[in-house]
Amino acid sequence: MAQEKRITASYYNSNEFGLALFNNKNFYPEFRVEAKNEQLKDASYSFFLRNEFNLDKSLDIDLSWGLGFSYSSEEDEYMRLPVYITKKKVFCDNLKLMVGIEFKTELADEFKLLPKIGVGINF
């Protein structure tokens, strides 16, 4: 398995915080909250099933992807498909950097391609 640690807390460039819980299986859950402002009443909540695998073991680079659904009181529910290149062991063993894209769709007519940058801390 590409991920050695059991919990990862993440922050993404869209003011989004995530918490991923790993187990011994290939897929793992991740829960995210994206705050629109200081109050969480306008936040969107997302649940993902994620997976990652090694692209280059010698450089600690992984490909991370998943499938998720989001809910917000201000928007319709929508589906998300994140795809990231992950560099583990940045500055220390527990810190990783994520760079990638995320496909976002409401399944009816709207489709967006969003760039994402994030950092994660493994526990």
# chains A, B, ... in the order shown; residues from 1 in each chain; ligands from 1
>>> residues_around(residues="range 98-102 of chain A", least_positions_apart="6", cutoff="9 Å", atoms="only C-alpha atoms", output="JSON, numbers by chain")
{"A": [12, 64, 80, 81, 82, 83, 84, 85, 86, 87, 88, 112, 113, 114, 115, 116, 117, 118, 119, 120]}
>>> write_last_selection(atoms="all heavy atoms", output="compact mmCIF listing (two decimals), in the first residue's frame")
# COMPACT_ATOMS: atom_id res chain seq x y z
N TYR A 12 -6.41 22.39 1.34
CA TYR A 12 -6.35 22.65 -0.09
C TYR A 12 -6.53 24.13 -0.37
O TYR A 12 -7.12 24.86 0.44
CB TYR A 12 -7.44 21.83 -0.81
CG TYR A 12 -7.28 20.35 -0.61
CD1 TYR A 12 -7.88 19.71 0.46
CD2 TYR A 12 -6.50 19.60 -1.48
CE1 TYR A 12 -7.73 18.35 0.66
CE2 TYR A 12 -6.35 18.24 -1.29
CZ TYR A 12 -6.95 17.63 -0.21
OH TYR A 12 -6.79 16.28 -0.02
N SER A 64 -2.79 9.85 -6.68
CA SER A 64 -3.92 9.76 -5.78
C SER A 64 -5.18 10.17 -6.54
O SER A 64 -5.18 11.17 -7.24
CB SER A 64 -3.70 10.69 -4.59
OG SER A 64 -4.80 10.66 -3.72
N ARG A 80 -17.58 14.83 -7.48
CA ARG A 80 -16.21 15.30 -7.63
C ARG A 80 -15.28 14.11 -7.91
O ARG A 80 -15.44 13.05 -7.31
CB ARG A 80 -15.76 16.02 -6.36
CG ARG A 80 -16.59 17.25 -6.09
CD ARG A 80 -16.37 17.79 -4.70
NE ARG A 80 -15.03 18.34 -4.54
CZ ARG A 80 -14.61 18.90 -3.42
NH1 ARG A 80 -15.42 19.00 -2.38
NH2 ARG A 80 -13.40 19.37 -3.32
N LEU A 81 -14.33 14.33 -8.79
CA LEU A 81 -13.34 13.32 -9.12
C LEU A 81 -11.95 13.97 -9.03
O LEU A 81 -11.50 14.62 -9.96
CB LEU A 81 -13.57 12.75 -10.52
CG LEU A 81 -12.54 11.75 -11.02
CD1 LEU A 81 -12.59 10.47 -10.21
CD2 LEU A 81 -12.76 11.45 -12.49
N PRO A 82 -11.26 13.84 -7.88
CA PRO A 82 -9.93 14.42 -7.74
C PRO A 82 -8.84 13.49 -8.27
O PRO A 82 -8.91 12.27 -8.08
CB PRO A 82 -9.79 14.61 -6.23
CG PRO A 82 -10.65 13.54 -5.64
CD PRO A 82 -11.76 13.30 -6.63
N VAL A 83 -7.83 14.06 -8.92
CA VAL A 83 -6.66 13.33 -9.39
C VAL A 83 -5.44 14.18 -9.04
O VAL A 83 -5.33 15.32 -9.50
CB VAL A 83 -6.70 13.07 -10.91
CG1 VAL A 83 -5.46 12.32 -11.36
CG2 VAL A 83 -7.96 12.30 -11.29
N TYR A 84 -4.55 13.65 -8.20
CA TYR A 84 -3.39 14.39 -7.72
C TYR A 84 -2.10 13.60 -7.93
O TYR A 84 -2.10 12.38 -7.83
CB TYR A 84 -3.48 14.68 -6.21
CG TYR A 84 -4.70 15.39 -5.76
CD1 TYR A 84 -5.68 14.74 -5.04
CD2 TYR A 84 -4.88 16.74 -6.04
CE1 TYR A 84 -6.81 15.40 -4.60
CE2 TYR A 84 -6.01 17.41 -5.62
CZ TYR A 84 -6.97 16.74 -4.91
OH TYR A 84 -8.09 17.39 -4.48
N ILE A 85 -1.02 14.32 -8.13
CA ILE A 85 0.32 13.78 -7.98
C ILE A 85 0.75 14.16 -6.57
O ILE A 85 0.68 15.33 -6.21
CB ILE A 85 1.30 14.35 -9.03
CG1 ILE A 85 0.84 14.02 -10.45
CG2 ILE A 85 2.72 13.86 -8.76
CD1 ILE A 85 0.88 12.55 -10.80
N THR A 86 1.17 13.19 -5.79
CA THR A 86 1.51 13.42 -4.39
C THR A 86 2.99 13.15 -4.16
O THR A 86 3.49 12.10 -4.52
CB THR A 86 0.68 12.48 -3.49
OG1 THR A 86 -0.69 12.73 -3.71
CG2 THR A 86 0.99 12.70 -2.03
N LYS A 87 3.67 14.12 -3.57
CA LYS A 87 5.07 13.95 -3.19
C LYS A 87 5.12 13.80 -1.68
O LYS A 87 4.76 14.72 -0.93
CB LYS A 87 5.90 15.18 -3.63
CG LYS A 87 7.30 15.23 -3.07
CD LYS A 87 8.17 14.12 -3.61
CE LYS A 87 9.62 14.31 -3.13
NZ LYS A 87 10.14 13.19 -2.41
N LYS A 88 5.49 12.61 -1.23
CA LYS A 88 5.60 12.35 0.21
C LYS A 88 6.97 12.78 0.72
O LYS A 88 7.89 12.98 -0.06
CB LYS A 88 5.41 10.85 0.50
CG LYS A 88 4.04 10.33 0.12
CD LYS A 88 3.82 8.92 0.55
CE LYS A 88 4.78 7.97 -0.12
NZ LYS A 88 4.53 6.56 0.16
N LYS A 112 -17.00 21.40 -14.42
CA LYS A 112 -15.85 22.29 -14.18
C LYS A 112 -14.60 21.46 -13.98
O LYS A 112 -14.64 20.36 -13.43
CB LYS A 112 -16.08 23.13 -12.92
CG LYS A 112 -17.19 24.14 -13.04
CD LYS A 112 -17.32 24.93 -11.76
CE LYS A 112 -18.46 25.92 -11.84
NZ LYS A 112 -18.67 26.63 -10.58
N LEU A 113 -13.49 22.03 -14.39
CA LEU A 113 -12.18 21.45 -14.16
C LEU A 113 -11.41 22.44 -13.28
O LEU A 113 -11.12 23.55 -13.70
CB LEU A 113 -11.46 21.24 -15.50
CG LEU A 113 -10.14 20.52 -15.46
CD1 LEU A 113 -10.29 19.12 -14.90
CD2 LEU A 113 -9.58 20.44 -16.86
N LEU A 114 -11.11 22.04 -12.04
CA LEU A 114 -10.52 22.94 -11.06
C LEU A 114 -9.09 22.52 -10.72
O LEU A 114 -8.86 21.36 -10.39
CB LEU A 114 -11.35 22.94 -9.78
CG LEU A 114 -12.84 23.20 -9.94
CD1 LEU A 114 -13.57 22.93 -8.64
CD2 LEU A 114 -13.06 24.63 -10.38
N PRO A 115 -8.12 23.44 -10.77
CA PRO A 115 -6.78 23.11 -10.30
C PRO A 115 -6.77 23.04 -8.77
O PRO A 115 -7.48 23.80 -8.11
CB PRO A 115 -5.92 24.27 -10.80
CG PRO A 115 -6.87 25.39 -10.95
CD PRO A 115 -8.21 24.79 -11.28
N LYS A 116 -6.00 22.13 -8.20
CA LYS A 116 -5.93 21.98 -6.75
C LYS A 116 -4.48 21.84 -6.30
O LYS A 116 -3.68 21.17 -6.96
CB LYS A 116 -6.68 20.72 -6.29
CG LYS A 116 -8.17 20.81 -6.35
CD LYS A 116 -8.69 21.59 -5.18
CE LYS A 116 -10.19 21.47 -5.08
NZ LYS A 116 -10.72 22.03 -3.88
N ILE A 117 -4.16 22.50 -5.21
CA ILE A 117 -2.87 22.36 -4.54
C ILE A 117 -3.18 22.12 -3.07
O ILE A 117 -4.06 22.79 -2.50
CB ILE A 117 -2.02 23.63 -4.70
CG1 ILE A 117 -1.73 23.89 -6.16
CG2 ILE A 117 -0.73 23.51 -3.91
CD1 ILE A 117 -1.05 25.21 -6.43
N GLY A 118 -2.50 21.18 -2.47
CA GLY A 118 -2.76 20.91 -1.07
C GLY A 118 -1.53 20.40 -0.35
O GLY A 118 -0.54 20.00 -0.96
N VAL A 119 -1.61 20.44 0.96
CA VAL A 119 -0.59 19.86 1.82
C VAL A 119 -1.28 18.93 2.80
O VAL A 119 -2.43 19.16 3.18
CB VAL A 119 0.23 20.93 2.59
CG1 VAL A 119 1.08 21.73 1.64
CG2 VAL A 119 -0.65 21.81 3.41
N GLY A 120 -0.59 17.87 3.17
CA GLY A 120 -1.15 16.91 4.11
C GLY A 120 -0.14 16.57 5.19
O GLY A 120 1.06 16.54 4.95
>>> select_by_dssp(residues="range 22-122 of chain A", states="helix (DSSP H, G or I)", output="list of chain:residue names")
A:Leu40, A:Lys41, A:Asp42, A:Lys57, A:Ser58, A:Leu59
>>> residues_around(residues="Ser70 in chain A", least_positions_apart="4", cutoff="12 Å", atoms="only C-alpha atoms", output="list in words")
Glu30, Phe31, Arg32, Val33, Glu34, Ala43, Ser44, Tyr45, Ser46, Phe47, Phe48, Glu74, Glu75, Asp76, Glu77, Tyr78, Met79, Arg80, Leu81, Lys104, Thr105 and Glu106 of chain A
>>> select_by_dssp(residues="range 1-45 of chain A", states="strand (DSSP E)", output="compact mmCIF listing (two decimals) with N, CA and C atoms, in the first residue's frame")
# COMPACT_ATOMS: atom_id res chain seq x y z
N ILE A 7 -3.83 8.24 9.49
CA ILE A 7 -4.69 9.42 9.40
C ILE A 7 -3.91 10.52 8.69
N THR A 8 -4.58 11.24 7.78
CA THR A 8 -3.97 12.41 7.14
C THR A 8 -4.93 13.58 7.26
N ALA A 9 -4.43 14.71 7.77
CA ALA A 9 -5.18 15.96 7.78
C ALA A 9 -4.63 16.82 6.65
N SER A 10 -5.52 17.38 5.81
CA SER A 10 -5.10 18.11 4.62
C SER A 10 -5.73 19.49 4.55
N TYR A 11 -5.03 20.39 3.85
CA TYR A 11 -5.56 21.71 3.53
C TYR A 11 -5.36 21.93 2.04
N TYR A 12 -6.41 22.39 1.34
CA TYR A 12 -6.35 22.65 -0.09
C TYR A 12 -6.53 24.13 -0.37
N GLU A 16 -10.25 24.57 1.89
CA GLU A 16 -10.90 23.29 2.14
C GLU A 16 -10.00 22.44 3.05
N PHE A 17 -10.61 21.90 4.09
CA PHE A 17 -9.89 21.06 5.04
C PHE A 17 -10.39 19.63 4.90
N GLY A 18 -9.46 18.67 4.97
CA GLY A 18 -9.83 17.27 4.82
C GLY A 18 -9.24 16.40 5.91
N LEU A 19 -9.90 15.27 6.15
CA LEU A 19 -9.44 14.27 7.09
C LEU A 19 -9.65 12.91 6.45
N ALA A 20 -8.55 12.19 6.22
CA ALA A 20 -8.61 10.87 5.60
C ALA A 20 -8.24 9.82 6.63
N LEU A 21 -8.99 8.73 6.64
CA LEU A 21 -8.76 7.63 7.58
C LEU A 21 -8.38 6.38 6.78
N TYR A 28 -9.95 4.18 0.83
CA TYR A 28 -10.11 4.74 2.16
C TYR A 28 -11.03 5.95 2.08
N PRO A 29 -11.72 6.27 3.18
CA PRO A 29 -12.64 7.42 3.18
C PRO A 29 -11.90 8.72 3.50
N GLU A 30 -12.42 9.81 2.93
CA GLU A 30 -11.94 11.15 3.26
C GLU A 30 -13.15 12.06 3.39
N PHE A 31 -13.15 12.87 4.42
CA PHE A 31 -14.22 13.84 4.65
C PHE A 31 -13.60 15.23 4.55
N ARG A 32 -14.26 16.15 3.81
CA ARG A 32 -13.76 17.52 3.64
C ARG A 32 -14.84 18.54 3.94
N VAL A 33 -14.38 19.69 4.44
CA VAL A 33 -15.25 20.85 4.66
C VAL A 33 -14.60 22.02 3.95
N GLU A 34 -15.37 22.68 3.08
CA GLU A 34 -14.89 23.88 2.38
C GLU A 34 -15.64 25.08 2.92
N SER A 44 -19.52 23.84 2.39
CA SER A 44 -19.92 22.63 1.67
C SER A 44 -19.19 21.45 2.29
N TYR A 45 -19.85 20.30 2.31
CA TYR A 45 -19.33 19.09 2.93
C TYR A 45 -19.19 18.02 1.86
>>> residues_around(residues="Val90 in chain A", least_positions_apart="5", cutoff="12 Å", atoms="only C-alpha atoms", output="PyMOL selection string")
chain A and resi 59-61+95-98+119-122
>>> atom_distance(atom1="CA of Phe123 in chain A", atom2="CA of Asp93 in chain A")
10.3 Å
